[in-house]
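Chemist: My questions all concern the structure below.
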Amino acid sequence: MNLHFDVEGGEFISAGVASSKVKKVLKQLAIKPEIIRKISVAMYEAEINMVIHAHGGVIDAEIMPDHVHVVLKDEGPGIENIELAMKAGYSTASRLAREMGFGAGMGLANMKRYADILQIESEPGKGTTVEITVKLYPEQA
Amino acid sequence: MTINDVQKILNATVVTQSTYENNSVQSGFVGDLLSVVMGKAKEQCAWITIQGHINIIAVGTLINVACIIVTEDFKVDEDAISKANEEGIVIMTTHLSSYESAALLSKNGLE
Ligand SMILES: Nc1ncnc2c1ncn2[C@@H]1O[C@H](COP(=O)(O)OP(=O)(O)OP(=O)(O)O)[C@@H](O)[C@H]1O
Ligand SMILES: [Mg+2]
């Protein structure tokens with residue numbers, strides 16, 4: 001099953017729509033709660049980053065029999081130093097974003113922790129693509 | 001402990017409409033930074049925070065919290081309340097601080 005979402009930039013309010021939708025689909029498929037949590041948290045963190053650090057973007061989620069693959073693509077400012085950005089606590093979040101409780105600098109760390117495979121490609125000035133893969137039945141791998 | 005117990009212990013005001021009385025609360029978590037909460041809070045926890053905006057509902061549903069307790073009499077936004085009603089999330093507010101709320105729940109046996 002393929003799901004496509006357009007995410008608007010600066011829309012703190014509706015951010016999370018894509019991850020909630022994917023979560024609901026996985027719930028209907030009776031996937032284990034801890035697996036659903038891995039996918040939805042990793043995806044929500046990436047979705048929020050598109051909103052607060054870039055000007056939105058597009059999300060494509062592919063739900064396969066044994067894994068979920070989510071591609072989040074934006075044409076925002078890009079990430080200069082991915083290694084630095086991955087460090088827990090590193091954040092360039094705006095004041096407004098911080099007032100809303102974002103900006104702990106833990107988003108990428110959470111993605112890394114919850115995704116089975118995490119790929120980040122970014123080019124300053126061009127944009128960022130985040131790919132998250134989570135296995136649905138890791139015990140059978 | 002149930003959500004009902006939590007409400008009574010804190011003498012908190014429930015601002016959402018979903019039914020909840022017997023839903024069980026298994027742990028507590030205090031946090032205002034959403035990524036920290038998503039990284040650390042457990043399922044079925046009572047999440048204690050001063051954040052009252054709509055993003056707490058997204059976070060609360062993603063990690064399946066039992067209820068959200070907004071402390072220090074911080075206002076819960078209208079859109080957050082209607083979203084919580086849609087998602088079946090319970091939000092309560094209290095004038096107590098996050099520390100006092102956690103301490104009270106702990107004293108009454110919540111781990
Ligand atoms: N899509 C993106 N476009 C541009 N920069 C990004 C993007 N995603 C992350 N970054 C950069 O990487 C930093 C770290 O991201 P991370 O998600 O870990 O923390 P945060 O978003 O700042 O705070 P938190 O996620 O804890 O609310 C960001 O502050 C930002 O500088
Ligand atoms: Mg982030």
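In the structure tokens, chains take letters A, B, ... by order of appearance, with residues numbered from 1 within each chain and ligands from 1 in the order shown.
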Could you please tell me, as a PDB file with N, CA, C and O atoms, in the first residue's frame, which residues of chain A have an atom within 9 Å of chain B when using only C-alpha atoms?

Modeler:
```pdb
ATOM      1  N   PHE A  12       2.679  24.318  12.081  1.00  0.00           N
ATOM      2  CA  PHE A  12       2.898  23.545  13.305  1.00  0.00           C
ATOM      3  C   PHE A  12       1.633  22.816  13.720  1.00  0.00           C
ATOM      4  O   PHE A  12       1.675  21.778  14.346  1.00  0.00           O
ATOM      5  N   ILE A  13       0.514  23.419  13.372  1.00  0.00           N
ATOM      6  CA  ILE A  13      -0.752  22.928  13.867  1.00  0.00           C
ATOM      7  C   ILE A  13      -1.137  21.577  13.271  1.00  0.00           C
ATOM      8  O   ILE A  13      -1.531  20.662  13.977  1.00  0.00           O
ATOM      9  N   SER A  14      -1.003  21.458  11.949  1.00  0.00           N
ATOM     10  CA  SER A  14      -1.460  20.214  11.335  1.00  0.00           C
ATOM     11  C   SER A  14      -0.332  19.191  11.224  1.00  0.00           C
ATOM     12  O   SER A  14      -0.539  18.070  10.800  1.00  0.00           O
ATOM     13  N   ALA A  15       0.862  19.565  11.616  1.00  0.00           N
ATOM     14  CA  ALA A  15       1.971  18.625  11.520  1.00  0.00           C
ATOM     15  C   ALA A  15       1.652  17.366  12.305  1.00  0.00           C
ATOM     16  O   ALA A  15       1.145  17.431  13.415  1.00  0.00           O
ATOM     17  N   GLY A  16       1.943  16.249  11.717  1.00  0.00           N
ATOM     18  CA  GLY A  16       1.651  15.001  12.391  1.00  0.00           C
ATOM     19  C   GLY A  16       0.529  14.243  11.705  1.00  0.00           C
ATOM     20  O   GLY A  16       0.266  13.089  12.022  1.00  0.00           O
ATOM     21  N   VAL A  17      -0.107  14.882  10.728  1.00  0.00           N
ATOM     22  CA  VAL A  17      -1.224  14.243  10.019  1.00  0.00           C
ATOM     23  C   VAL A  17      -0.763  12.971   9.308  1.00  0.00           C
ATOM     24  O   VAL A  17      -1.400  11.924   9.410  1.00  0.00           O
ATOM     25  N   SER A  19       1.940  11.035   9.882  1.00  0.00           N
ATOM     26  CA  SER A  19       2.314   9.947  10.798  1.00  0.00           C
ATOM     27  C   SER A  19       1.100   9.340  11.486  1.00  0.00           C
ATOM     28  O   SER A  19       1.056   8.123  11.698  1.00  0.00           O
ATOM     29  N   SER A  20       0.112  10.175  11.827  1.00  0.00           N
ATOM     30  CA  SER A  20      -1.093   9.616  12.469  1.00  0.00           C
ATOM     31  C   SER A  20      -1.825   8.685  11.516  1.00  0.00           C
ATOM     32  O   SER A  20      -2.348   7.650  11.922  1.00  0.00           O
ATOM     33  N   LYS A  23      -0.002   5.488  11.219  1.00  0.00           N
ATOM     34  CA  LYS A  23      -0.211   4.750  12.453  1.00  0.00           C
ATOM     35  C   LYS A  23      -1.559   4.023  12.436  1.00  0.00           C
ATOM     36  O   LYS A  23      -1.656   2.858  12.818  1.00  0.00           O
ATOM     37  N   ILE A  36       4.624  -0.295  15.810  1.00  0.00           N
ATOM     38  CA  ILE A  36       3.901   0.898  15.350  1.00  0.00           C
ATOM     39  C   ILE A  36       4.515   2.142  15.967  1.00  0.00           C
ATOM     40  O   ILE A  36       4.715   3.158  15.318  1.00  0.00           O
ATOM     41  N   ARG A  37       4.861   2.037  17.239  1.00  0.00           N
ATOM     42  CA  ARG A  37       5.458   3.199  17.915  1.00  0.00           C
ATOM     43  C   ARG A  37       6.789   3.592  17.261  1.00  0.00           C
ATOM     44  O   ARG A  37       7.070   4.764  17.045  1.00  0.00           O
ATOM     45  N   SER A  40       5.895   5.279  13.928  1.00  0.00           N
ATOM     46  CA  SER A  40       5.222   6.574  13.994  1.00  0.00           C
ATOM     47  C   SER A  40       6.073   7.647  14.647  1.00  0.00           C
ATOM     48  O   SER A  40       6.025   8.791  14.231  1.00  0.00           O
ATOM     49  N   VAL A  41       6.877   7.288  15.653  1.00  0.00           N
ATOM     50  CA  VAL A  41       7.738   8.313  16.258  1.00  0.00           C
ATOM     51  C   VAL A  41       8.816   8.756  15.268  1.00  0.00           C
ATOM     52  O   VAL A  41       9.034   9.953  15.064  1.00  0.00           O
ATOM     53  N   TYR A  44       7.117  10.873  12.638  1.00  0.00           N
ATOM     54  CA  TYR A  44       6.655  12.165  13.164  1.00  0.00           C
ATOM     55  C   TYR A  44       7.834  13.126  13.336  1.00  0.00           C
ATOM     56  O   TYR A  44       7.750  14.303  12.987  1.00  0.00           O
ATOM     57  N   GLU A  45       8.944  12.629  13.864  1.00  0.00           N
ATOM     58  CA  GLU A  45      10.132  13.481  14.037  1.00  0.00           C
ATOM     59  C   GLU A  45      10.587  14.048  12.690  1.00  0.00           C
ATOM     60  O   GLU A  45      10.933  15.223  12.584  1.00  0.00           O
ATOM     61  N   ARG A  98      10.734  26.448  19.591  1.00  0.00           N
ATOM     62  CA  ARG A  98      11.112  26.060  20.956  1.00  0.00           C
ATOM     63  C   ARG A  98       9.978  26.287  21.945  1.00  0.00           C
ATOM     64  O   ARG A  98       9.766  25.497  22.862  1.00  0.00           O
ATOM     65  N   GLU A  99       9.243  27.382  21.733  1.00  0.00           N
ATOM     66  CA  GLU A  99       8.116  27.649  22.629  1.00  0.00           C
ATOM     67  C   GLU A  99       7.063  26.559  22.544  1.00  0.00           C
ATOM     68  O   GLU A  99       6.310  26.327  23.472  1.00  0.00           O
ATOM     69  N   MET A 100       7.010  25.889  21.390  1.00  0.00           N
ATOM     70  CA  MET A 100       6.042  24.812  21.209  1.00  0.00           C
ATOM     71  C   MET A 100       6.598  23.469  21.698  1.00  0.00           C
ATOM     72  O   MET A 100       5.978  22.437  21.507  1.00  0.00           O
ATOM     73  N   GLY A 101       7.775  23.486  22.259  1.00  0.00           N
ATOM     74  CA  GLY A 101       8.315  22.244  22.813  1.00  0.00           C
ATOM     75  C   GLY A 101       9.209  21.482  21.859  1.00  0.00           C
ATOM     76  O   GLY A 101       9.641  20.373  22.156  1.00  0.00           O
ATOM     77  N   PHE A 102       9.506  22.089  20.694  1.00  0.00           N
ATOM     78  CA  PHE A 102      10.472  21.459  19.799  1.00  0.00           C
ATOM     79  C   PHE A 102      11.851  22.014  20.133  1.00  0.00           C
ATOM     80  O   PHE A 102      11.978  22.940  20.927  1.00  0.00           O
ATOM     81  N   GLY A 103      12.864  21.445  19.503  1.00  0.00           N
ATOM     82  CA  GLY A 103      14.192  22.014  19.670  1.00  0.00           C
ATOM     83  C   GLY A 103      15.026  21.392  20.771  1.00  0.00           C
ATOM     84  O   GLY A 103      16.000  21.970  21.228  1.00  0.00           O
ATOM     85  N   ALA A 104      14.666  20.195  21.224  1.00  0.00           N
ATOM     86  CA  ALA A 104      15.513  19.494  22.187  1.00  0.00           C
ATOM     87  C   ALA A 104      16.770  18.974  21.490  1.00  0.00           C
ATOM     88  O   ALA A 104      17.758  18.638  22.130  1.00  0.00           O
ATOM     89  N   GLY A 105      16.709  18.916  20.165  1.00  0.00           N
ATOM     90  CA  GLY A 105      17.845  18.351  19.435  1.00  0.00           C
ATOM     91  C   GLY A 105      17.879  16.833  19.557  1.00  0.00           C
ATOM     92  O   GLY A 105      18.922  16.188  19.469  1.00  0.00           O
ATOM     93  N   MET A 106      16.695  16.255  19.754  1.00  0.00           N
ATOM     94  CA  MET A 106      16.606  14.805  19.947  1.00  0.00           C
ATOM     95  C   MET A 106      15.911  14.096  18.797  1.00  0.00           C
ATOM     96  O   MET A 106      15.798  12.878  18.794  1.00  0.00           O
ATOM     97  N   GLY A 107      15.410  14.860  17.822  1.00  0.00           N
ATOM     98  CA  GLY A 107      14.625  14.261  16.749  1.00  0.00           C
ATOM     99  C   GLY A 107      15.398  13.248  15.926  1.00  0.00           C
ATOM    100  O   GLY A 107      14.960  12.107  15.742  1.00  0.00           O
ATOM    101  N   ALA A 109      18.159  11.824  16.733  1.00  0.00           N
ATOM    102  CA  ALA A 109      18.587  10.741  17.621  1.00  0.00           C
ATOM    103  C   ALA A 109      17.455   9.722  17.792  1.00  0.00           C
ATOM    104  O   ALA A 109      17.683   8.502  17.753  1.00  0.00           O
ATOM    105  N   ASN A 110      16.216  10.209  17.932  1.00  0.00           N
ATOM    106  CA  ASN A 110      15.071   9.295  18.035  1.00  0.00           C
ATOM    107  C   ASN A 110      14.879   8.506  16.747  1.00  0.00           C
ATOM    108  O   ASN A 110      14.592   7.304  16.776  1.00  0.00           O
ATOM    109  N   ARG A 113      17.350   5.807  16.575  1.00  0.00           N
ATOM    110  CA  ARG A 113      17.074   4.751  17.531  1.00  0.00           C
ATOM    111  C   ARG A 113      15.914   3.854  17.066  1.00  0.00           C
ATOM    112  O   ARG A 113      15.944   2.648  17.232  1.00  0.00           O
ATOM    113  N   TYR A 114      14.876   4.474  16.479  1.00  0.00           N
ATOM    114  CA  TYR A 114      13.677   3.700  16.167  1.00  0.00           C
ATOM    115  C   TYR A 114      13.661   3.101  14.772  1.00  0.00           C
ATOM    116  O   TYR A 114      12.971   2.116  14.533  1.00  0.00           O
TER     117      TYR A 114
END
```

Chemist: Residues up to 9 Å from ligand 1, counting only C-alpha atoms and all ligand atoms: could you list those as number ranges by chain?

Modeler: A: 45-57, 72-82, 84-94, 97-98, 101-111, 122, 124, 127-130; B: 33-36

Chemist: So that I have them on file, write out the residues from the current selection with C-alpha atoms, as a PDB file, in the first residue's frame.

Modeler:
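Full text of result13.pdb as output:
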```
ATOM      1  CA  GLU A  45      10.132  13.481  14.037  1.00  0.00           C
ATOM      2  CA  ALA A  46      11.031  13.653  10.347  1.00  0.00           C
ATOM      3  CA  GLU A  47       7.671  15.190   9.455  1.00  0.00           C
ATOM      4  CA  ILE A  48       8.070  17.888  12.125  1.00  0.00           C
ATOM      5  CA  ASN A  49      11.604  18.635  10.930  1.00  0.00           C
ATOM      6  CA  MET A  50      10.246  19.280   7.443  1.00  0.00           C
ATOM      7  CA  VAL A  51       7.808  21.765   8.929  1.00  0.00           C
ATOM      8  CA  ILE A  52      10.057  23.627  11.364  1.00  0.00           C
ATOM      9  CA  HIS A  53      13.396  23.530   9.531  1.00  0.00           C
ATOM     10  CA  ALA A  54      12.311  23.431   5.869  1.00  0.00           C
ATOM     11  CA  HIS A  55       9.167  24.746   4.185  1.00  0.00           C
ATOM     12  CA  GLY A  56       7.342  21.473   4.138  1.00  0.00           C
ATOM     13  CA  GLY A  57       7.730  18.824   1.476  1.00  0.00           C
ATOM     14  CA  LEU A  72      10.380  12.392   3.354  1.00  0.00           C
ATOM     15  CA  LYS A  73      11.679  14.917   0.880  1.00  0.00           C
ATOM     16  CA  ASP A  74      11.968  18.669   1.274  1.00  0.00           C
ATOM     17  CA  GLU A  75      13.513  21.499  -0.657  1.00  0.00           C
ATOM     18  CA  GLY A  76      14.526  23.444   2.426  1.00  0.00           C
ATOM     19  CA  PRO A  77      17.903  24.814   3.469  1.00  0.00           C
ATOM     20  CA  GLY A  78      19.506  21.384   3.800  1.00  0.00           C
ATOM     21  CA  ILE A  79      21.805  20.225   6.582  1.00  0.00           C
ATOM     22  CA  GLU A  80      25.388  21.424   6.439  1.00  0.00           C
ATOM     23  CA  ASN A  81      26.865  18.809   8.728  1.00  0.00           C
ATOM     24  CA  ILE A  82      24.726  15.714   9.176  1.00  0.00           C
ATOM     25  CA  LEU A  84      26.751  17.271  13.916  1.00  0.00           C
ATOM     26  CA  ALA A  85      22.969  17.458  13.413  1.00  0.00           C
ATOM     27  CA  MET A  86      22.633  13.835  14.583  1.00  0.00           C
ATOM     28  CA  LYS A  87      24.247  14.681  17.936  1.00  0.00           C
ATOM     29  CA  ALA A  88      21.732  14.603  20.757  1.00  0.00           C
ATOM     30  CA  GLY A  89      21.110  18.178  21.871  1.00  0.00           C
ATOM     31  CA  TYR A  90      22.148  19.896  18.647  1.00  0.00           C
ATOM     32  CA  SER A  91      19.395  22.184  17.404  1.00  0.00           C
ATOM     33  CA  THR A  92      18.926  25.306  15.323  1.00  0.00           C
ATOM     34  CA  ALA A  93      15.178  25.456  16.027  1.00  0.00           C
ATOM     35  CA  SER A  94      13.602  28.923  16.035  1.00  0.00           C
ATOM     36  CA  ALA A  97       9.448  26.240  17.548  1.00  0.00           C
ATOM     37  CA  ARG A  98      11.112  26.060  20.956  1.00  0.00           C
ATOM     38  CA  GLY A 101       8.315  22.244  22.813  1.00  0.00           C
ATOM     39  CA  PHE A 102      10.472  21.459  19.799  1.00  0.00           C
ATOM     40  CA  GLY A 103      14.192  22.014  19.670  1.00  0.00           C
ATOM     41  CA  ALA A 104      15.513  19.494  22.187  1.00  0.00           C
ATOM     42  CA  GLY A 105      17.845  18.351  19.435  1.00  0.00           C
ATOM     43  CA  MET A 106      16.606  14.805  19.947  1.00  0.00           C
ATOM     44  CA  GLY A 107      14.625  14.261  16.749  1.00  0.00           C
ATOM     45  CA  LEU A 108      17.351  12.736  14.623  1.00  0.00           C
ATOM     46  CA  ALA A 109      18.587  10.741  17.621  1.00  0.00           C
ATOM     47  CA  ASN A 110      15.071   9.295  18.035  1.00  0.00           C
ATOM     48  CA  MET A 111      14.877   8.478  14.309  1.00  0.00           C
ATOM     49  CA  SER A 122      21.143  16.560   2.254  1.00  0.00           C
ATOM     50  CA  PRO A 124      22.866  22.814   1.594  1.00  0.00           C
ATOM     51  CA  GLY A 127      17.057  20.190   0.437  1.00  0.00           C
ATOM     52  CA  THR A 128      16.968  17.068   2.534  1.00  0.00           C
ATOM     53  CA  THR A 129      15.696  13.538   1.958  1.00  0.00           C
ATOM     54  CA  VAL A 130      15.168  11.234   4.904  1.00  0.00           C
TER      55      VAL A 130
ATOM     56  CA  LEU B  33      10.296  18.901  25.187  1.00  0.00           C
ATOM     57  CA  LEU B  34       8.353  16.745  22.759  1.00  0.00           C
ATOM     58  CA  SER B  35      11.272  14.737  21.375  1.00  0.00           C
ATOM     59  CA  VAL B  36      12.403  13.812  24.855  1.00  0.00           C
TER      60      VAL B  36
END
```

Chemist: By how many Å are atom CA of B:Gly109 and atom CA of B:Asp5 apart?

Modeler: 10.8 Å

Chemist: Return as an mmCIF file with C-alpha atoms, in the first residue's frame the full set of residues in stretch 6-140 of chain A whose backbone-based DSSP assignment is alpha helix (DSSP H).

Modeler:
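The result, written out as part-v6.cif:
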```
data_model
loop_
_atom_site.group_PDB
_atom_site.id
_atom_site.type_symbol
_atom_site.label_atom_id
_atom_site.label_comp_id
_atom_site.auth_asym_id
_atom_site.auth_seq_id
_atom_site.Cartn_x
_atom_site.Cartn_y
_atom_site.Cartn_z
ATOM 1 C CA VAL A 17 -1.224 14.243 10.019
ATOM 2 C CA ALA A 18 0.860 11.901 7.878
ATOM 3 C CA SER A 19 2.314 9.947 10.798
ATOM 4 C CA SER A 20 -1.093 9.616 12.469
ATOM 5 C CA LYS A 21 -2.582 8.278 9.244
ATOM 6 C CA VAL A 22 0.179 5.683 8.821
ATOM 7 C CA LYS A 23 -0.211 4.750 12.453
ATOM 8 C CA LYS A 24 -3.942 4.124 11.962
ATOM 9 C CA VAL A 25 -3.363 1.942 8.909
ATOM 10 C CA LEU A 26 -0.775 -0.151 10.767
ATOM 11 C CA LYS A 27 -3.156 -0.532 13.683
ATOM 12 C CA GLN A 28 -5.806 -1.901 11.336
ATOM 13 C CA PRO A 33 2.153 -1.731 19.223
ATOM 14 C CA GLU A 34 5.905 -1.405 19.836
ATOM 15 C CA ILE A 35 6.594 -1.677 16.106
ATOM 16 C CA ILE A 36 3.901 0.898 15.350
ATOM 17 C CA ARG A 37 5.458 3.199 17.915
ATOM 18 C CA LYS A 38 8.888 2.885 16.257
ATOM 19 C CA ILE A 39 7.504 3.801 12.870
ATOM 20 C CA SER A 40 5.222 6.574 13.994
ATOM 21 C CA VAL A 41 7.738 8.313 16.258
ATOM 22 C CA ALA A 42 10.532 8.171 13.659
ATOM 23 C CA MET A 43 8.154 9.420 10.993
ATOM 24 C CA TYR A 44 6.655 12.165 13.164
ATOM 25 C CA GLU A 45 10.132 13.481 14.037
ATOM 26 C CA ALA A 46 11.031 13.653 10.347
ATOM 27 C CA GLU A 47 7.671 15.190 9.455
ATOM 28 C CA ILE A 48 8.070 17.888 12.125
ATOM 29 C CA ASN A 49 11.604 18.635 10.930
ATOM 30 C CA MET A 50 10.246 19.280 7.443
ATOM 31 C CA VAL A 51 7.808 21.765 8.929
ATOM 32 C CA ILE A 52 10.057 23.627 11.364
ATOM 33 C CA ILE A 82 24.726 15.714 9.176
ATOM 34 C CA GLU A 83 27.040 14.173 11.746
ATOM 35 C CA LEU A 84 26.751 17.271 13.916
ATOM 36 C CA ALA A 85 22.969 17.458 13.413
ATOM 37 C CA MET A 86 22.633 13.835 14.583
ATOM 38 C CA ARG A 95 12.295 30.566 19.173
ATOM 39 C CA LEU A 96 8.744 29.932 18.066
ATOM 40 C CA ALA A 97 9.448 26.240 17.548
ATOM 41 C CA ARG A 98 11.112 26.060 20.956
ATOM 42 C CA GLU A 99 8.116 27.649 22.629
ATOM 43 C CA GLY A 107 14.625 14.261 16.749
ATOM 44 C CA LEU A 108 17.351 12.736 14.623
ATOM 45 C CA ALA A 109 18.587 10.741 17.621
ATOM 46 C CA ASN A 110 15.071 9.295 18.035
ATOM 47 C CA MET A 111 14.877 8.478 14.309
ATOM 48 C CA LYS A 112 18.208 6.706 14.507
ATOM 49 C CA ARG A 113 17.074 4.751 17.531
ATOM 50 C CA TYR A 114 13.677 3.700 16.167
#
```

Chemist: Counting only C-alpha atoms, figure out which residue out of A:Ala115, A:Ile59, A:Val70, A:Leu3 gets nearest to A:Lys135.

Modeler: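 Once distances to A:Lys135 are computed over only C-alpha atoms, the minimum belongs to A:Ala115.
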
Chemist: To test your reading of the structure, identify every residue in stretch 70-136 of chain A that backbone DSSP assigns to strand (DSSP E), and report it as a list in words.

Modeler: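 Those residues are Val70, Val71, Leu72, Lys73, Asp74, Ile117, Leu118, Gln119, Ile120, Glu121, Ser122, Glu123, Gly127, Thr128, Thr129, Val130, Glu131, Ile132, Thr133, Val134 and Lys135 of chain A.
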
Chemist: Write a file of the selected residues as a short mmCIF file (atom, residue, chain, number, x, y, z; two decimals), in the first residue's frame, keeping all heavy atoms.

Modeler:
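File again-v9.cif, as written:
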```cif
data_model
loop_
_atom_site.label_atom_id
_atom_site.label_comp_id
_atom_site.auth_asym_id
_atom_site.auth_seq_id
_atom_site.Cartn_x
_atom_site.Cartn_y
_atom_site.Cartn_z
N VAL A 70 9.50 4.76 4.47
CA VAL A 70 8.96 6.12 4.36
C VAL A 70 10.04 7.05 3.81
O VAL A 70 11.18 7.05 4.31
CB VAL A 70 8.50 6.66 5.73
CG1 VAL A 70 7.78 8.00 5.56
CG2 VAL A 70 7.60 5.66 6.43
N VAL A 71 9.69 7.80 2.77
CA VAL A 71 10.62 8.78 2.20
C VAL A 71 10.05 10.17 2.41
O VAL A 71 8.92 10.45 2.03
CB VAL A 71 10.82 8.53 0.68
CG1 VAL A 71 11.83 9.53 0.11
CG2 VAL A 71 11.27 7.10 0.42
N LEU A 72 10.82 11.02 3.08
CA LEU A 72 10.38 12.39 3.35
C LEU A 72 11.34 13.34 2.66
O LEU A 72 12.54 13.34 2.95
CB LEU A 72 10.36 12.68 4.85
CG LEU A 72 9.52 11.72 5.70
CD1 LEU A 72 10.37 10.65 6.32
CD2 LEU A 72 8.74 12.48 6.76
N LYS A 73 10.81 14.11 1.73
CA LYS A 73 11.68 14.92 0.88
C LYS A 73 11.28 16.39 0.97
O LYS A 73 10.12 16.73 0.80
CB LYS A 73 11.50 14.42 -0.56
CG LYS A 73 12.56 14.88 -1.53
CD LYS A 73 12.39 14.09 -2.83
CE LYS A 73 13.09 14.74 -4.00
NZ LYS A 73 14.49 15.08 -3.79
N ASP A 74 12.26 17.23 1.27
CA ASP A 74 11.97 18.67 1.27
C ASP A 74 12.98 19.43 0.43
O ASP A 74 14.03 18.90 0.07
CB ASP A 74 11.92 19.22 2.71
CG ASP A 74 13.28 19.25 3.39
OD1 ASP A 74 14.20 19.91 2.88
OD2 ASP A 74 13.40 18.62 4.47
N ILE A 117 16.56 1.03 9.47
CA ILE A 117 17.54 1.64 8.56
C ILE A 117 17.16 3.12 8.43
O ILE A 117 15.99 3.44 8.20
CB ILE A 117 17.50 1.01 7.16
CG1 ILE A 117 17.66 -0.52 7.25
CG2 ILE A 117 18.59 1.61 6.26
CD1 ILE A 117 17.40 -1.23 5.93
N LEU A 118 18.15 4.00 8.61
CA LEU A 118 17.91 5.43 8.44
C LEU A 118 18.93 5.97 7.46
O LEU A 118 20.12 5.77 7.62
CB LEU A 118 18.07 6.14 9.79
CG LEU A 118 17.93 7.67 9.74
CD1 LEU A 118 16.51 8.10 9.40
CD2 LEU A 118 18.35 8.30 11.08
N GLN A 119 18.42 6.63 6.42
CA GLN A 119 19.32 7.24 5.45
C GLN A 119 18.97 8.71 5.33
O GLN A 119 17.81 9.06 5.15
CB GLN A 119 19.16 6.59 4.08
CG GLN A 119 19.94 5.29 3.95
CD GLN A 119 19.60 4.60 2.65
OE1 GLN A 119 18.47 4.24 2.42
NE2 GLN A 119 20.60 4.47 1.80
N ILE A 120 19.97 9.56 5.41
CA ILE A 120 19.73 10.99 5.27
C ILE A 120 20.65 11.52 4.17
O ILE A 120 21.86 11.30 4.22
CB ILE A 120 20.02 11.75 6.58
CG1 ILE A 120 19.16 11.18 7.70
CG2 ILE A 120 19.75 13.24 6.41
CD1 ILE A 120 19.51 11.70 9.07
N GLU A 121 20.04 12.18 3.21
CA GLU A 121 20.85 12.83 2.19
C GLU A 121 20.46 14.29 2.19
O GLU A 121 19.28 14.62 2.22
CB GLU A 121 20.54 12.24 0.81
CG GLU A 121 21.48 11.11 0.44
CD GLU A 121 21.02 10.43 -0.82
OE1 GLU A 121 20.72 11.15 -1.80
OE2 GLU A 121 20.94 9.19 -0.81
N SER A 122 21.46 15.15 2.18
CA SER A 122 21.14 16.56 2.25
C SER A 122 22.17 17.37 1.51
O SER A 122 23.36 17.06 1.54
CB SER A 122 21.10 16.98 3.72
OG SER A 122 20.52 18.26 3.83
N GLU A 123 21.68 18.41 0.84
CA GLU A 123 22.60 19.30 0.16
C GLU A 123 22.23 20.73 0.55
O GLU A 123 21.09 21.15 0.32
CB GLU A 123 22.47 19.12 -1.35
CG GLU A 123 23.69 19.59 -2.11
CD GLU A 123 23.52 19.39 -3.62
OE1 GLU A 123 23.00 18.33 -4.03
OE2 GLU A 123 23.89 20.31 -4.35
N GLY A 127 18.09 20.91 -0.29
CA GLY A 127 17.06 20.19 0.44
C GLY A 127 17.57 18.94 1.11
O GLY A 127 18.76 18.62 1.07
N THR A 128 16.63 18.24 1.73
CA THR A 128 16.97 17.07 2.53
C THR A 128 16.01 15.93 2.20
O THR A 128 14.81 16.15 2.03
CB THR A 128 16.84 17.41 4.04
OG1 THR A 128 17.67 18.54 4.31
CG2 THR A 128 17.24 16.25 4.93
N THR A 129 16.54 14.71 2.10
CA THR A 129 15.70 13.54 1.96
C THR A 129 16.03 12.56 3.08
O THR A 129 17.19 12.21 3.28
CB THR A 129 15.93 12.85 0.60
OG1 THR A 129 15.65 13.80 -0.43
CG2 THR A 129 15.00 11.65 0.43
N VAL A 130 14.99 12.19 3.81
CA VAL A 130 15.17 11.23 4.90
C VAL A 130 14.42 9.96 4.53
O VAL A 130 13.27 10.01 4.09
CB VAL A 130 14.60 11.81 6.23
CG1 VAL A 130 14.66 10.78 7.34
CG2 VAL A 130 15.34 13.07 6.63
N GLU A 131 15.07 8.82 4.67
CA GLU A 131 14.41 7.54 4.40
C GLU A 131 14.45 6.69 5.66
O GLU A 131 15.52 6.48 6.25
CB GLU A 131 15.13 6.80 3.27
CG GLU A 131 14.85 7.39 1.91
CD GLU A 131 15.34 6.48 0.78
OE1 GLU A 131 15.00 5.28 0.80
OE2 GLU A 131 16.07 7.00 -0.07
N ILE A 132 13.29 6.22 6.03
CA ILE A 132 13.16 5.42 7.25
C ILE A 132 12.61 4.04 6.87
O ILE A 132 11.60 3.94 6.19
CB ILE A 132 12.17 6.10 8.22
CG1 ILE A 132 12.71 7.46 8.68
CG2 ILE A 132 11.85 5.21 9.41
CD1 ILE A 132 11.66 8.35 9.31
N THR A 133 13.28 3.01 7.30
CA THR A 133 12.76 1.66 7.08
C THR A 133 12.61 0.97 8.43
O THR A 133 13.53 1.01 9.25
CB THR A 133 13.72 0.82 6.20
OG1 THR A 133 13.99 1.55 5.01
CG2 THR A 133 13.10 -0.52 5.84
N VAL A 134 11.44 0.39 8.65
CA VAL A 134 11.22 -0.37 9.89
C VAL A 134 10.64 -1.73 9.51
O VAL A 134 9.70 -1.83 8.73
CB VAL A 134 10.25 0.38 10.84
CG1 VAL A 134 9.95 -0.46 12.08
CG2 VAL A 134 10.83 1.72 11.25
N LYS A 135 11.23 -2.77 10.07
CA LYS A 135 10.75 -4.14 9.83
C LYS A 135 9.50 -4.38 10.67
O LYS A 135 9.45 -4.02 11.84
CB LYS A 135 11.82 -5.15 10.21
CG LYS A 135 13.05 -5.07 9.34
CD LYS A 135 14.05 -6.15 9.75
CE LYS A 135 15.36 -5.94 9.03
NZ LYS A 135 16.49 -5.86 9.96
#
```

Chemist: In Å to one decimal, how far is atom CA of B:Val90 from atom CA of B:Val15?

Modeler: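 Atom CA of B:Val90 lies at a distance of 7.8 Å from atom CA of B:Val15.
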
Chemist: So what do you get for atom CA of B:Ile69 versus atom CA of B:Met92, distance-wise?

Modeler: 5.0 Å

Chemist: Select, from A:Phe5, A:Glu11, A:Ala30, A:Leu136, the residue with the minimum atom-to-atom distance to A:Val68, counting only C-alpha atoms.

Modeler: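 Going through A:Phe5, A:Glu11, A:Ala30, A:Leu136 one by one, the smallest distance to A:Val68 is for A:Leu136.
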
Chemist: With only C-alpha atoms as the basis for distance, which of B:Leu10, B:Val25, B:Leu105, B:Ile89 is at the shortest distance from B:Thr71?

Modeler: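 Of all the options, B:Leu10 lies closest to B:Thr71.
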